$ cat coords-v5.cif   # mmCIF, N, CA and C atoms
data_data
loop_
_atom_site.label_atom_id
_atom_site.label_comp_id
_atom_site.auth_asym_id
_atom_site.auth_seq_id
_atom_site.Cartn_x
_atom_site.Cartn_y
_atom_site.Cartn_z
N MET A 1085 -34.28 -10.86 18.32
CA MET A 1085 -34.52 -12.30 18.32
C MET A 1085 -33.27 -13.03 18.76
N ALA A 1086 -33.48 -14.10 19.47
CA ALA A 1086 -32.35 -14.92 19.88
C ALA A 1086 -31.87 -15.74 18.69
N LYS A 1087 -30.67 -16.26 18.78
CA LYS A 1087 -30.08 -16.97 17.65
C LYS A 1087 -30.89 -18.17 17.20
N GLY A 1088 -31.52 -18.88 18.10
CA GLY A 1088 -32.23 -20.10 17.76
C GLY A 1088 -33.60 -19.84 17.15
N GLU A 1089 -34.13 -18.61 17.23
CA GLU A 1089 -35.47 -18.32 16.74
C GLU A 1089 -35.45 -18.14 15.23
N GLU A 1090 -36.55 -18.51 14.59
CA GLU A 1090 -36.68 -18.41 13.14
C GLU A 1090 -37.59 -17.23 12.79
N TYR A 1091 -37.34 -16.63 11.60
CA TYR A 1091 -38.21 -15.59 11.08
C TYR A 1091 -39.37 -16.24 10.34
N THR A 1092 -40.49 -15.55 10.31
CA THR A 1092 -41.62 -16.04 9.51
C THR A 1092 -41.27 -15.86 8.04
N LYS A 1093 -42.03 -16.48 7.18
CA LYS A 1093 -41.77 -16.37 5.74
C LYS A 1093 -41.89 -14.91 5.30
N ALA A 1094 -42.87 -14.17 5.80
CA ALA A 1094 -43.06 -12.77 5.44
C ALA A 1094 -41.87 -11.93 5.91
N GLU A 1095 -41.38 -12.20 7.11
CA GLU A 1095 -40.21 -11.46 7.64
C GLU A 1095 -38.97 -11.76 6.81
N GLN A 1096 -38.80 -13.02 6.42
CA GLN A 1096 -37.64 -13.40 5.60
C GLN A 1096 -37.68 -12.69 4.25
N GLU A 1097 -38.88 -12.61 3.64
CA GLU A 1097 -39.02 -11.91 2.36
C GLU A 1097 -38.71 -10.43 2.51
N TRP A 1098 -39.24 -9.83 3.59
CA TRP A 1098 -38.99 -8.41 3.83
C TRP A 1098 -37.50 -8.14 3.99
N ILE A 1099 -36.83 -8.99 4.77
CA ILE A 1099 -35.39 -8.84 5.00
C ILE A 1099 -34.63 -8.96 3.68
N ALA A 1100 -34.95 -9.96 2.87
CA ALA A 1100 -34.25 -10.17 1.59
C ALA A 1100 -34.47 -8.99 0.65
N GLU A 1101 -35.73 -8.52 0.56
CA GLU A 1101 -36.03 -7.39 -0.32
C GLU A 1101 -35.32 -6.12 0.14
N THR A 1102 -35.33 -5.88 1.44
CA THR A 1102 -34.68 -4.69 1.98
C THR A 1102 -33.18 -4.73 1.76
N LYS A 1103 -32.57 -5.89 1.96
CA LYS A 1103 -31.13 -6.02 1.71
C LYS A 1103 -30.81 -5.76 0.25
N ASP A 1104 -31.64 -6.26 -0.66
CA ASP A 1104 -31.42 -6.02 -2.09
C ASP A 1104 -31.52 -4.54 -2.42
N ARG A 1105 -32.54 -3.86 -1.87
CA ARG A 1105 -32.70 -2.43 -2.14
C ARG A 1105 -31.52 -1.63 -1.57
N LEU A 1106 -31.06 -1.98 -0.39
CA LEU A 1106 -29.92 -1.27 0.20
C LEU A 1106 -28.65 -1.52 -0.61
N ALA A 1107 -28.46 -2.74 -1.07
CA ALA A 1107 -27.28 -3.06 -1.88
C ALA A 1107 -27.28 -2.26 -3.18
N GLN A 1108 -28.47 -2.08 -3.78
CA GLN A 1108 -28.56 -1.29 -5.00
C GLN A 1108 -28.21 0.16 -4.73
N ARG A 1109 -28.64 0.69 -3.59
CA ARG A 1109 -28.31 2.07 -3.25
C ARG A 1109 -26.83 2.26 -2.98
N CYS A 1110 -26.19 1.26 -2.39
CA CYS A 1110 -24.76 1.37 -2.09
C CYS A 1110 -23.94 1.43 -3.37
N GLY A 1111 -24.42 0.87 -4.43
CA GLY A 1111 -23.69 0.86 -5.69
C GLY A 1111 -23.83 2.13 -6.48
N LYS A 1112 -24.66 3.09 -6.01
CA LYS A 1112 -24.88 4.32 -6.75
C LYS A 1112 -23.78 5.33 -6.47
N LYS A 1113 -23.66 6.29 -7.39
CA LYS A 1113 -22.68 7.35 -7.26
C LYS A 1113 -23.03 8.24 -6.07
N PRO A 1114 -22.05 8.52 -5.21
CA PRO A 1114 -22.31 9.42 -4.08
C PRO A 1114 -22.73 10.80 -4.58
N VAL A 1115 -23.53 11.49 -3.80
CA VAL A 1115 -24.08 12.78 -4.19
C VAL A 1115 -23.01 13.87 -4.18
N THR A 1116 -22.17 13.90 -3.15
CA THR A 1116 -21.19 14.98 -3.01
C THR A 1116 -19.86 14.62 -3.69
N LYS A 1117 -19.11 15.65 -4.04
CA LYS A 1117 -17.77 15.42 -4.62
C LYS A 1117 -16.87 14.74 -3.61
N ALA A 1118 -16.98 15.15 -2.34
CA ALA A 1118 -16.16 14.52 -1.31
C ALA A 1118 -16.47 13.03 -1.22
N GLY A 1119 -17.74 12.67 -1.29
CA GLY A 1119 -18.13 11.27 -1.25
C GLY A 1119 -17.63 10.51 -2.46
N GLN A 1120 -17.68 11.15 -3.62
CA GLN A 1120 -17.19 10.52 -4.85
C GLN A 1120 -15.69 10.27 -4.76
N LEU A 1121 -14.96 11.25 -4.25
CA LEU A 1121 -13.51 11.10 -4.11
C LEU A 1121 -13.17 10.04 -3.07
N ARG A 1122 -13.93 9.99 -1.96
CA ARG A 1122 -13.70 8.94 -0.96
C ARG A 1122 -13.94 7.56 -1.57
N ALA A 1123 -14.96 7.44 -2.43
CA ALA A 1123 -15.25 6.16 -3.07
C ALA A 1123 -14.12 5.73 -3.99
N LEU A 1124 -13.41 6.70 -4.57
CA LEU A 1124 -12.30 6.41 -5.49
C LEU A 1124 -10.94 6.56 -4.84
N TRP A 1125 -10.89 6.74 -3.53
CA TRP A 1125 -9.66 7.05 -2.81
C TRP A 1125 -8.56 6.03 -3.06
N SER A 1126 -8.87 4.74 -3.05
CA SER A 1126 -7.80 3.74 -3.22
C SER A 1126 -7.14 3.87 -4.59
N GLU A 1127 -7.93 4.16 -5.63
CA GLU A 1127 -7.35 4.34 -6.97
C GLU A 1127 -6.55 5.63 -7.06
N ILE A 1128 -7.05 6.69 -6.42
CA ILE A 1128 -6.33 7.97 -6.43
C ILE A 1128 -5.01 7.82 -5.68
N ARG A 1129 -5.05 7.15 -4.54
CA ARG A 1129 -3.83 6.94 -3.74
C ARG A 1129 -2.82 6.13 -4.55
N ALA A 1130 -3.27 5.10 -5.26
CA ALA A 1130 -2.37 4.28 -6.07
C ALA A 1130 -1.74 5.11 -7.19
N ALA A 1131 -2.53 5.97 -7.82
CA ALA A 1131 -2.00 6.84 -8.88
C ALA A 1131 -0.95 7.79 -8.32
N LYS A 1132 -1.20 8.37 -7.14
CA LYS A 1132 -0.22 9.26 -6.50
C LYS A 1132 1.05 8.49 -6.17
N ALA A 1133 0.90 7.25 -5.68
CA ALA A 1133 2.07 6.44 -5.32
C ALA A 1133 2.91 6.11 -6.56
N GLU A 1134 2.28 6.03 -7.71
CA GLU A 1134 3.00 5.75 -8.96
C GLU A 1134 3.61 7.01 -9.56
N GLY A 1135 3.40 8.16 -8.92
CA GLY A 1135 4.02 9.39 -9.38
C GLY A 1135 3.15 10.27 -10.25
N GLN A 1136 1.86 9.98 -10.35
CA GLN A 1136 0.98 10.81 -11.15
C GLN A 1136 0.75 12.15 -10.45
N SER A 1137 0.65 13.20 -11.23
CA SER A 1137 0.43 14.53 -10.66
C SER A 1137 -1.05 14.73 -10.36
N LEU A 1138 -1.32 15.72 -9.52
CA LEU A 1138 -2.72 16.06 -9.22
C LEU A 1138 -3.44 16.53 -10.48
N ALA A 1139 -2.72 17.23 -11.34
CA ALA A 1139 -3.34 17.72 -12.57
C ALA A 1139 -3.78 16.55 -13.46
N THR A 1140 -2.95 15.53 -13.56
CA THR A 1140 -3.30 14.36 -14.35
C THR A 1140 -4.47 13.62 -13.73
N ILE A 1141 -4.44 13.44 -12.42
CA ILE A 1141 -5.52 12.74 -11.73
C ILE A 1141 -6.81 13.53 -11.88
N ARG A 1142 -6.74 14.87 -11.76
CA ARG A 1142 -7.92 15.71 -11.95
C ARG A 1142 -8.52 15.52 -13.34
N GLN A 1143 -7.67 15.45 -14.32
CA GLN A 1143 -8.13 15.25 -15.71
C GLN A 1143 -8.80 13.89 -15.85
N TRP A 1144 -8.19 12.85 -15.29
CA TRP A 1144 -8.78 11.51 -15.35
C TRP A 1144 -10.14 11.48 -14.66
N LEU A 1145 -10.23 12.14 -13.51
CA LEU A 1145 -11.50 12.16 -12.78
C LEU A 1145 -12.59 12.84 -13.60
N GLU A 1146 -12.22 13.88 -14.31
CA GLU A 1146 -13.20 14.58 -15.15
C GLU A 1146 -13.62 13.70 -16.33
N GLU A 1147 -12.63 13.08 -17.00
CA GLU A 1147 -12.92 12.27 -18.18
C GLU A 1147 -13.63 10.96 -17.84
N GLU A 1148 -13.18 10.28 -16.81
CA GLU A 1148 -13.68 8.94 -16.51
C GLU A 1148 -14.85 8.91 -15.53
N ALA A 1149 -14.90 9.88 -14.61
CA ALA A 1149 -15.92 9.82 -13.56
C ALA A 1149 -16.89 10.99 -13.61
N GLY A 1150 -16.60 11.98 -14.46
CA GLY A 1150 -17.48 13.13 -14.54
C GLY A 1150 -17.38 14.05 -13.33
N ILE A 1151 -16.27 13.95 -12.60
CA ILE A 1151 -16.06 14.80 -11.43
C ILE A 1151 -15.26 16.02 -11.89
N ILE A 1152 -15.89 17.18 -11.86
CA ILE A 1152 -15.24 18.41 -12.34
C ILE A 1152 -14.83 19.24 -11.14
N LEU A 1153 -13.51 19.46 -11.03
CA LEU A 1153 -12.97 20.29 -9.97
C LEU A 1153 -11.60 20.80 -10.39
N THR A 1154 -11.10 21.78 -9.65
CA THR A 1154 -9.78 22.33 -9.95
C THR A 1154 -8.71 21.49 -9.26
N VAL A 1155 -7.47 21.69 -9.67
CA VAL A 1155 -6.36 20.99 -9.03
C VAL A 1155 -6.28 21.38 -7.56
N GLN A 1156 -6.51 22.67 -7.28
CA GLN A 1156 -6.44 23.15 -5.90
C GLN A 1156 -7.53 22.49 -5.04
N SER A 1157 -8.74 22.42 -5.56
CA SER A 1157 -9.81 21.82 -4.76
C SER A 1157 -9.59 20.31 -4.62
N LEU A 1158 -9.04 19.66 -5.64
CA LEU A 1158 -8.71 18.24 -5.52
C LEU A 1158 -7.69 18.03 -4.41
N GLY A 1159 -6.67 18.88 -4.39
CA GLY A 1159 -5.66 18.78 -3.34
C GLY A 1159 -6.27 18.99 -1.96
N SER A 1160 -7.20 19.92 -1.86
CA SER A 1160 -7.86 20.18 -0.58
C SER A 1160 -8.69 18.97 -0.15
N TYR A 1161 -9.47 18.41 -1.06
CA TYR A 1161 -10.25 17.22 -0.74
C TYR A 1161 -9.35 16.07 -0.29
N LEU A 1162 -8.25 15.86 -1.01
CA LEU A 1162 -7.36 14.75 -0.69
C LEU A 1162 -6.69 14.96 0.66
N THR A 1163 -6.35 16.20 0.98
CA THR A 1163 -5.77 16.50 2.28
C THR A 1163 -6.75 16.14 3.39
N ARG A 1164 -8.02 16.51 3.20
CA ARG A 1164 -9.04 16.19 4.20
C ARG A 1164 -9.23 14.68 4.35
N ILE A 1165 -9.21 13.97 3.21
CA ILE A 1165 -9.38 12.52 3.27
C ILE A 1165 -8.20 11.89 4.01
N ARG A 1166 -6.97 12.33 3.69
CA ARG A 1166 -5.78 11.79 4.37
C ARG A 1166 -5.83 12.08 5.86
N ARG A 1167 -6.21 13.32 6.22
CA ARG A 1167 -6.26 13.71 7.62
C ARG A 1167 -7.27 12.83 8.37
N LYS A 1168 -8.43 12.64 7.77
CA LYS A 1168 -9.45 11.81 8.41
C LYS A 1168 -8.98 10.37 8.52
N GLU A 1169 -8.27 9.90 7.50
CA GLU A 1169 -7.73 8.53 7.52
C GLU A 1169 -6.70 8.38 8.64
N ARG A 1170 -5.83 9.39 8.80
CA ARG A 1170 -4.82 9.35 9.86
C ARG A 1170 -5.46 9.35 11.23
N VAL A 1171 -6.47 10.19 11.41
CA VAL A 1171 -7.16 10.27 12.69
C VAL A 1171 -7.82 8.94 13.00
N THR A 1172 -8.43 8.33 11.98
CA THR A 1172 -9.09 7.05 12.18
C THR A 1172 -8.09 5.96 12.53
N GLN A 1173 -6.94 5.95 11.86
CA GLN A 1173 -5.93 4.93 12.11
C GLN A 1173 -5.26 5.09 13.46
N THR A 1174 -5.06 6.33 13.89
CA THR A 1174 -4.36 6.58 15.14
C THR A 1174 -5.32 7.06 16.23
N ALA A 1175 -6.54 6.56 16.18
CA ALA A 1175 -7.51 6.95 17.20
C ALA A 1175 -6.97 6.54 18.57
N PRO A 1176 -6.96 7.47 19.49
CA PRO A 1176 -6.39 7.15 20.81
C PRO A 1176 -7.25 6.12 21.53
N THR A 1177 -6.55 5.20 22.15
CA THR A 1177 -7.26 4.22 22.96
C THR A 1177 -7.46 4.80 24.34
N PRO A 1178 -8.55 4.47 24.98
CA PRO A 1178 -8.77 5.04 26.31
C PRO A 1178 -7.68 4.58 27.27
N PRO A 1179 -7.27 5.45 28.18
CA PRO A 1179 -6.22 5.07 29.13
C PRO A 1179 -6.72 3.94 30.02
N PRO A 1180 -5.79 3.12 30.48
CA PRO A 1180 -6.21 2.04 31.38
C PRO A 1180 -6.79 2.62 32.65
N ALA A 1181 -7.61 1.85 33.29
CA ALA A 1181 -8.24 2.30 34.53
C ALA A 1181 -7.16 2.66 35.55
N GLN A 1182 -7.34 3.79 36.20
CA GLN A 1182 -6.35 4.22 37.16
C GLN A 1182 -6.52 3.44 38.46
N VAL A 1183 -5.39 3.05 39.00
CA VAL A 1183 -5.40 2.34 40.27
C VAL A 1183 -5.14 3.37 41.36
N HIS A 1184 -6.04 3.45 42.30
CA HIS A 1184 -5.88 4.39 43.39
C HIS A 1184 -4.97 3.79 44.44
N SER A 1185 -3.88 4.48 44.71
CA SER A 1185 -2.95 3.99 45.72
C SER A 1185 -2.76 5.05 46.79
N LYS A 1186 -2.21 4.67 47.88
CA LYS A 1186 -1.97 5.60 48.99
C LYS A 1186 -0.65 6.34 48.81
N ALA A 1187 0.17 5.92 47.82
CA ALA A 1187 1.48 6.55 47.62
C ALA A 1187 1.28 7.97 47.11
N PRO A 1188 2.09 8.92 47.57
CA PRO A 1188 1.95 10.30 47.09
C PRO A 1188 2.42 10.41 45.64
N VAL A 1189 1.76 11.25 44.92
CA VAL A 1189 2.11 11.48 43.52
C VAL A 1189 3.04 12.68 43.47
N SER A 1190 4.22 12.50 42.84
CA SER A 1190 5.16 13.61 42.77
C SER A 1190 4.92 14.37 41.48
N SER A 1191 5.10 15.64 41.53
CA SER A 1191 4.91 16.48 40.38
C SER A 1191 6.25 16.75 39.71
N THR A 1192 6.40 16.32 38.46
CA THR A 1192 7.66 16.57 37.75
C THR A 1192 7.74 18.02 37.31
N ARG A 1193 6.60 18.67 37.17
CA ARG A 1193 6.59 20.07 36.76
C ARG A 1193 7.24 20.95 37.81
N ALA A 1194 7.00 20.66 39.06
CA ALA A 1194 7.56 21.48 40.14
C ALA A 1194 9.07 21.28 40.22
N LYS A 1195 9.54 20.06 39.94
CA LYS A 1195 10.97 19.78 40.04
C LYS A 1195 11.74 20.29 38.82
N ASN A 1196 11.12 20.19 37.63
CA ASN A 1196 11.79 20.57 36.38
C ASN A 1196 10.98 21.65 35.67
N PRO A 1197 11.21 22.90 36.00
CA PRO A 1197 10.46 23.94 35.31
C PRO A 1197 10.84 23.93 33.83
N VAL A 1198 9.84 23.86 32.99
CA VAL A 1198 10.06 23.76 31.55
C VAL A 1198 10.39 25.12 30.98
N ASN A 1199 11.49 25.20 30.26
CA ASN A 1199 11.90 26.41 29.54
C ASN A 1199 11.94 27.65 30.43
N ALA A 1200 12.44 27.53 31.62
CA ALA A 1200 12.45 28.67 32.54
C ALA A 1200 13.34 29.78 32.02
N ASN A 1201 14.48 29.45 31.38
CA ASN A 1201 15.42 30.47 30.93
C ASN A 1201 15.33 30.72 29.43
N LYS A 1202 14.41 30.10 28.77
CA LYS A 1202 14.31 30.24 27.31
C LYS A 1202 13.62 31.56 26.97
N SER A 1203 14.15 32.25 25.95
CA SER A 1203 13.54 33.51 25.56
C SER A 1203 12.22 33.24 24.85
N ARG A 1204 11.39 34.24 24.76
CA ARG A 1204 10.06 34.09 24.19
C ARG A 1204 10.03 34.51 22.73
N GLY A 1205 11.04 34.27 21.97
CA GLY A 1205 11.05 34.65 20.56
C GLY A 1205 11.76 35.98 20.36
N PHE A 1206 11.53 36.61 19.21
CA PHE A 1206 12.19 37.86 18.88
C PHE A 1206 11.66 38.98 19.76
N GLU A 1207 12.59 39.75 20.30
CA GLU A 1207 12.20 40.91 21.08
C GLU A 1207 12.88 42.13 20.47
N TYR A 1208 12.10 43.19 20.24
CA TYR A 1208 12.63 44.41 19.68
C TYR A 1208 13.54 45.10 20.69
N PRO A 1209 14.63 45.71 20.22
CA PRO A 1209 15.49 46.44 21.15
C PRO A 1209 14.75 47.66 21.69
N PRO A 1210 15.05 48.04 22.90
CA PRO A 1210 14.36 49.18 23.48
C PRO A 1210 14.75 50.48 22.78
N GLY A 1211 13.86 51.45 22.83
CA GLY A 1211 14.15 52.77 22.28
C GLY A 1211 13.77 52.89 20.83
N PRO A 1212 13.98 54.08 20.29
CA PRO A 1212 13.61 54.31 18.87
C PRO A 1212 14.60 53.59 17.95
N PRO A 1213 14.17 53.29 16.71
CA PRO A 1213 15.07 52.58 15.78
C PRO A 1213 16.23 53.48 15.35
N ASP A 1214 17.35 52.85 15.02
CA ASP A 1214 18.52 53.57 14.54
C ASP A 1214 18.28 53.88 13.06
N GLU A 1215 18.12 55.16 12.73
CA GLU A 1215 17.79 55.57 11.36
C GLU A 1215 18.87 55.20 10.37
N SER A 1216 20.10 55.07 10.80
CA SER A 1216 21.19 54.73 9.87
C SER A 1216 21.08 53.28 9.39
N LYS A 1217 20.34 52.44 10.14
CA LYS A 1217 20.18 51.02 9.77
C LYS A 1217 18.91 50.76 8.98
N LEU A 1218 18.10 51.79 8.79
CA LEU A 1218 16.86 51.63 8.04
C LEU A 1218 17.16 51.61 6.54
N ILE A 1219 16.34 50.95 5.82
CA ILE A 1219 16.53 50.84 4.35
C ILE A 1219 16.01 52.08 3.68
#
$ encode --input "coords-v5.cif" --output "structure tokens"
Amino acid sequence: MAKGEEYTKAEQEWIAETKDRLAQRCGKKPVTKAGQLRALWSEIRAAKAEGQSLATIRQWLEEEAGIILTVQSLGSYLTRIRRKERVTQTAPTPPPAQVHSKAPVSSTRAKNPVNANKSRGFEYPPGPPDESKLI
């Protein structure tokens, strides 16, 4: 519908009732533990910022919210939430549209070979091991 158009009385009632039902569902406890922890994330983050341990937060979650989990699983959930939050905050923006020009593009890789003389990590000495140096 365009902005200037009006809803009928029946449509307005349906919209109001549907919004009320959806609002009631949004206020319910999430089904999964991950969802429950995401819903409480701001409080958990504040507790961590104040220096509370994961063990203490886990105990509070069990006592106050009925969320039963181990300290290790709580840490795992929180790591996933933080990672997802970081990805969301630092979502890459699409690169600007490329302008096609007639100028030749120079390759920096050809001019500056990366790590050409750098060794590839630990390399075992050739030949059999010296038995006098073995433990």
$ atom_distance --input "coords-v5.cif" --atom1 "atom N of Gly1111 of chain A" --atom2 "atom N of Gly1150 of chain A"
16.9 Å
$ resolve_selection --input "coords-v5.cif" --expression "the PyMOL selection byres (((chain A and resi 1117-1125 and name CA) around 9) and name CA)" --output "ChimeraX atom specification"
/A:1113-1116,1126-1130,1145,1149,1151-1153,1158,1161-1162,1165
$ atom_distance --input "coords-v5.cif" --atom1 "atom CA of Arg1105 of chain A" --atom2 "atom CA of Glu1148 of chain A"
26.4 Å
$ atom_distance --input "coords-v5.cif" --atom1 "atom C of Gln1156 of chain A" --atom2 "atom C of Arg1142 of chain A"
10.9 Å
